[in-house]
Structures are given as C-alpha cells and as structure tokens.
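Below you'll find the structure, written out as structure tokens, and then a few comments.
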Amino acid sequence: MGMRYVLSALLVLCGTVAVAAEEVRALEDPHKIIVNVSPEDDLADKVGSARPGTTLLLKNGTYRITSTLVFKEFDVWIRSESGVRGKVILDGLKPGAPAKPLKRENCVGEIVAVRAPNVVVADLTVRYAANHAIHVFPIGSVNIGNVLIHNVHVYDCGQQLIKVNGYGKGQQAWADRGTVEDCLIEFKDNSIMQDQGKSFYTGGIDVHGGRRWWIRRNTFRNIQREAKMMEHAVHMWSRCRGTVVEGNTFIDCYRAIGFGMKVKGWGRNRTYTDKKGEEPYVDHLEGTIRNNFIFNRKGIRLESGIELMNVIDVDVYHNTVVSHDKSFSSIEYRWPNTRVKVFNNIVSHTIMERDGAKAELKANIENADPKLFASYSKGDLHLSANAKDAIDKGITLDSMKKPEEPHEHAEHAASGKTPAAIPGQTTGKEPAKETHVCAGPGCKDPNCEHEWKRKAFADYIASQAKLTDIDGEERDEQPDIGADEYSSRRPR
Ligand SMILES: [Ca+2]
Ligand SMILES: [Ca+2]
C-alpha cells in the first residue's frame, strides 16, 4: 500500500468548540502478508494466530469484541481497509447489553492488549471497555518498543483509555519508544468512568516507566466529570524518561498534562543503568512539552493545564493554556527536587510554584488578556492580529531545538526472529541495548528496513531543524509567545 493522504472527515462540534478537519498521513505498510477480516470473522482468533510481519486489514463494520484481542507476536498491524477511522469500530459492549446507560460491567475488560514490539494500531475506532481500550504491557522480562497508535478514535472506557504498564511486581520489563499520534481521545458518555467517591479512576493516556514516548498531534476532549478529581488526559510517571508531548489540543479536560506524581519510590518505578533520578527520587526525567493548546469552556473546570510533579530536566515551552473559569493553576511545578524550564508560554491564569520546586521562567504571559486570542469565546487560541504583547516577544530557544530523539527506531523486527532475538530487546532491568543507531534519511544500515519508519524519522529530524508551531508552521527569528506563531493565513 503506497503513501497516500486521507482527509479525515472530522469536523466535530463540541458546544462552541470546533475541531478542524485535519489531514492525516496514511502509513506506508511494509508487510507482504495481508489478512482480510470481516465483522463476522473471529477477530480474536485472527489476532492470536497472526505471524510476525502480518497486517490484519479490516473491512468496514462494527466488530463485537467479547474477548480481548491479544497481540503476542511482534510486528503485527491492525488497521481499517478504508483508512477512515470511523468506518471500523472495535466495540467492547457485551452482546445484548444496553449502550445507555453505559456501564462498566456490561463491557469487556480490555479490547486491545499489546504485549509485543512493533505492533501498529491504525485508522479505526475503539470503544466501550470496563478498563482500557488499549493496554500496552510486556510479557515476561523482555522490553517492548516501537508500538504505534496512529489515527485512532478512542472513547468511553471505565479507567484510562490507553494504559502502558511495566511487567510484574518487580517491574522487570517496560514499554519504550511508543508513539500516539493523530488520534481523537475523548469521552462522549462519561457515566462509565470508574467512580471512587471523591474522584474518578479515569484518564486519557497513562504511562508508567516508559522511555521516549512521543505524544503528538492528538485531540483530547471532555476527560472530566462533575468537577471532581481525576487522572490526566496525558500522565507520564513512575520515572518515565524523555517524553515528548507536542502539537496536541486539549478541550474540556480536568487535568491536561501531568509529568511525575510520586515523591518516593514505590516499588513499581523504573530504574536506569545510569541511576539518574534515584537519589534523590524523582518521578519523571527529561522531556519536552511544547506547542500544545489547552482550553476549557465556561462551566468545565480546569484544575491544572500542565503539572510537573517531582521531575527534572523537563522543558515546557510555547504552550497556550486558557480556561474561562478560574483554574487552580494553568501550569504548576511542585516538590523540592523539581527542576524545569518554563519559557514562552501564554496562560489565562497562573504559573505556580509549590512546595519549593525550582523553575527557570522566561517570557511567559500570565493572566492573559482575552483579546490576545483569535476567539477567546470559541476557544480558538491562535493569536489575534492585535496580540502585540505576544507576537515577536518570545525568547529564542536554540538550546531547546533538539529534544532527545524519542523514537530511535533502533530495533526493527526482521521476519522470522523471535521477540527475544530482536535487536535492542534485552531482559531484566537493563534498558534496551542500542545495536543500530540510525543515520536518519538515507540510512544504509540493513536493520533499518522499514521505509515508513525512515520517513517518520526523517519527518522528525526535519521538524527539529526548524522550530515550528502548533500548525506545523515554521517560527520566524523572533518567536511569538504561546503555541501559535501568528500568521495572517491562519489554519482553521
Ligand atoms: Ca514571530
Ligand atoms: Ca500559526
């Protein structure tokens, strides 16, 4: 299947907030084994019997998932034949059970379980699980890498919609270098959220101990209920490392982005061979949060837009955080060991220090005037032509142009190898050894066999060479404050 572009027919109105139609690049599929699947087929069996190097190509329709689809082999893809994510639905509602009211006990526990490297889930919809729509966690003591979730619509599950865990009580293995991109992650019916009394055990993407995850260009919407405490739309913790969260739009989420949480080791946190982050304990190392729009309408509480909780070496720049109601904080950094940089952000409320945390703060705008935005009332957070305090007022960020490459693309599966023999996969607590360092575009290494991976990597390198904004537009020599670089031709 060649490279093609799909105009995702997404023009969704959420109150007054419009999510613009977006062009999503279709993945180029390298596989020669294509298994065609129809809704009447036993999909769990097809997934369970797929060999490495297989693509399961799903015809249009709703697939009733009565037992979890478990991906145990590496390099297996599942995607819709049409490339349109709304036309293939993996539905966890038990046969005969009502969809309204939506109840956890009427749904399968998990719909997709990814337990092997290089699995791709693309161009479809996943809904109605008691716990998670997609759960990534290793088998045994082998790390898994390069899981890709691309152009997927995920909604209405009881716990976290996408969950990434380590394996076992001693946490011998982890999931690294995952990518979640161009997805719509939301709640339509939040009655399914797991109620814990004063809070809900529910969120968007929740990653424990993962290294170099890349969360980009997604829309997160309505991950909130009754103004009660709940999990973040994106939460990276238990000593995740090198996360990049960029170019996402968050609408009506109670807490949008969280890095870190715990102030002490808790037996399920990751350790690294360089022992970084162990003494004193920190809960997230390195990473970048940039070019994100975060917006909550009147009546939908934003507890906090970006929370940095016991983290070090995290750069937070060029984000725009606006809530119509008063927030507890727009951005906050907390706990004595925290060390972060917070530059070029524009927020409707405050950037808050808590409990002795340290941040280098430059060129941020707090208590932003609503007139700075293209439409404050409708939540269009692009800059208005009159945003004199923001346009060309940011500091240049030469030192931040290249965050750690989150998607090393070092270990590709080659057909016929077992997971344990995949380059880069190791056992125990050691991080994956790098057997191949990609030279980027034109890489000659025979291990670097997947053209689409090379393209993704080339895109990434290109995006780093120039500092861009949330629209993917290049920033000029005098960067604007916030996620948007002002242009008179504003994308809608
Ligand atoms: Ca500028
Ligand atoms: Ca722009």
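Quick note on naming: the chains in the structure tokens go A, B, ... in the order shown, residues restart at 1 in each chain, and ligands are numbered from 1 in order of appearance.
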Worksheet entry | Members of region 218-326 of chain A assigned strand (DSSP E or B) by DSSP, as an MDAnalysis selection string | chainID A and resid 219:221 229 234:237 240:246 249:251 255:259 284:290 293:296 304:309 311:317 320:323
Discussion item. I want to know what sits within 9 Å of Ile331 (chain A), based on only C-alpha atoms, with residues of the same chain fewer than 2 positions away left out; could you give that as number ranges by chain?
Written reply: A: 304-308, 321, 329, 333, 347, 349-353
Since we have the selection now, will you write its residues out, keeping N, CA and C atoms, as a CSV table (one decimal), in the first residue's frame?
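To be explicit, this is the file written out as part.csv:
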```
chain,number,residue,atom,x,y,z
A,304,SER,N,-5.7,22.0,36.4
A,304,SER,CA,-4.4,22.4,36.0
A,304,SER,C,-4.2,22.0,34.6
A,305,GLY,N,-3.5,22.9,33.8
A,305,GLY,CA,-3.2,22.6,32.4
A,305,GLY,C,-2.0,21.7,32.3
A,306,ILE,N,-0.9,22.1,33.0
A,306,ILE,CA,0.3,21.3,32.9
A,306,ILE,C,0.9,21.2,34.3
A,307,GLU,N,1.0,20.0,34.8
A,307,GLU,CA,1.5,19.7,36.2
A,307,GLU,C,2.8,19.0,36.1
A,308,LEU,N,3.8,19.6,36.8
A,308,LEU,CA,5.2,19.0,36.8
A,308,LEU,C,5.5,18.6,38.3
A,321,VAL,N,-2.5,28.0,27.4
A,321,VAL,CA,-3.4,27.4,28.4
A,321,VAL,C,-4.5,28.4,28.8
A,329,SER,N,-4.4,26.2,38.8
A,329,SER,CA,-3.2,26.7,38.2
A,329,SER,C,-3.3,26.5,36.7
A,333,TYR,N,4.6,23.7,39.0
A,333,TYR,CA,5.7,22.9,39.3
A,333,TYR,C,5.9,22.7,40.8
A,347,VAL,N,-0.8,32.0,29.3
A,347,VAL,CA,-1.8,31.3,30.2
A,347,VAL,C,-2.8,32.3,30.7
A,349,HIS,N,-4.4,32.1,33.5
A,349,HIS,CA,-4.3,32.2,35.0
A,349,HIS,C,-2.8,32.3,35.4
A,350,THR,N,-2.4,31.3,36.2
A,350,THR,CA,-1.1,31.4,36.9
A,350,THR,C,-0.1,30.3,36.5
A,351,ILE,N,1.2,30.7,36.6
A,351,ILE,CA,2.2,29.7,36.6
A,351,ILE,C,2.7,29.6,38.0
A,352,MET,N,2.5,28.5,38.7
A,352,MET,CA,2.6,28.4,40.1
A,352,MET,C,3.7,27.5,40.6
A,353,GLU,N,4.5,28.1,41.5
A,353,GLU,CA,5.5,27.3,42.3
A,353,GLU,C,4.8,26.7,43.5
```
Discussion item. Distance limit 9 Å, reference ligand 2, atoms considered: only C-alpha atoms and all ligand atoms. Which residues make the cut? Give them as a PyMOL selection string.
Written reply: chain A and resi 382-383+468-475+483-491
Practice prompt. May I have the residues within 7 Å of ligand 1, computed using only C-alpha atoms and all ligand atoms, as a ChimeraX atom specification?
Written response: /A:391-392,475-480,485-486
Item to complete: Can you list, as number ranges by chain, all residues belonging to region 92-304 of chain A that DSSP tags as helix (DSSP H, G or I)?
Response: A: 104-106, 190-192
Take the residues from that selection and put them in a file with C-alpha atoms, as an mmCIF file, in the first residue's frame.
```cif
data_model
loop_
_atom_site.group_PDB
_atom_site.id
_atom_site.type_symbol
_atom_site.label_atom_id
_atom_site.label_comp_id
_atom_site.auth_asym_id
_atom_site.auth_seq_id
_atom_site.Cartn_x
_atom_site.Cartn_y
_atom_site.Cartn_z
ATOM 1 C CA ARG A 104 -18.530 -0.961 33.105
ATOM 2 C CA GLU A 105 -19.995 -4.358 33.995
ATOM 3 C CA ASN A 106 -21.579 -4.537 30.549
ATOM 4 C CA ASN A 190 -18.693 9.834 30.975
ATOM 5 C CA SER A 191 -21.144 7.788 33.074
ATOM 6 C CA ILE A 192 -18.847 4.778 32.506
#
```
Fill in: From A:Asn146, A:Asn292, A:Asn118, A:Asn151, residue lying nearest Arg85 (chain A) [only C-alpha atoms]
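Selected residue with least distance to Arg85 (chain A): A:Asn151.
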Worksheet entry | Residue nearest Leu148 (chain A) among A:Val88, A:Leu27, A:Leu381, A:Val108 (counting only C-alpha atoms) |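 Nearest to Leu148 (chain A): A:Leu27.
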Discussion item. What does the structure give for the distance between CA of Asn367 (chain A) and CA of Val234 (chain A), in Å to one decimal?
Written reply: 24.2 Å
Item to complete: Check the smallest atom-to-atom distance from each of A:Ser348, A:Ser141, A:Asn131, A:Thr396 to Tyr201 (chain A) using only C-alpha atoms, then report the winner.
Response: A:Asn131
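Taking only C-alpha atoms, the non-local environment of Arg241 (chain A) within 7 Å (same-chain residues fewer than 3 positions away omitted) comprises A:Gly210, A:Arg211, A:Arg212, A:His284, A:Leu285, A:Glu286, A:Gly287.
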Any chance you can output those residues with C-alpha atoms as a compact mmCIF listing (two decimals), in the first residue's frame?
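Printed below is again.txt as written:
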```txt
# COMPACT_ATOMS: atom_id res chain seq x y z
CA GLY A 210 8.13 4.24 29.63
CA ARG A 211 11.14 5.76 27.89
CA ARG A 212 10.95 8.15 24.96
CA HIS A 284 9.99 11.80 35.55
CA LEU A 285 13.34 12.54 33.84
CA GLU A 286 13.98 14.69 30.80
CA GLY A 287 11.36 15.56 28.24
```
Practice prompt. Extract, using only C-alpha atoms, all DNA, RNA and protein residues at most 12 Å from Asp42 (chain A), discarding same-chain residues fewer than 3 positions from it, and format them as an MDAnalysis selection string.
Written response: chainID A and resid 36:39 45:49 58 63:69
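Put simply, CA of Thr320 (chain A) is 21.8 Å away from CA of Met230 (chain A).
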Using only C-alpha atoms, which residues of region 142-229 of chain A come within 7 Å of region 243-259 of chain A, and what is the closest atom pair for each, with the distance in Å to one decimal? Give it as CSV, sorted by chain and residue number.
```
residue,atom,partner,partner_atom,distance
A:Arg211,CA,A:Thr243,CA,6.8
A:Arg212,CA,A:Thr243,CA,4.8
A:Trp213,CA,A:Thr243,CA,4.9
A:Trp214,CA,A:Val244,CA,4.9
A:Ile215,CA,A:Val245,CA,4.7
A:Arg216,CA,A:Glu246,CA,4.9
A:Arg217,CA,A:Asn248,CA,4.5
A:Asn218,CA,A:Asn248,CA,4.8
A:Thr219,CA,A:Thr249,CA,4.8
A:Phe220,CA,A:Phe250,CA,4.7
A:Arg221,CA,A:Ile251,CA,4.7
A:Asn222,CA,A:Asp252,CA,4.8
A:Ile223,CA,A:Cys253,CA,4.6
A:Gln224,CA,A:Tyr254,CA,5.0
```
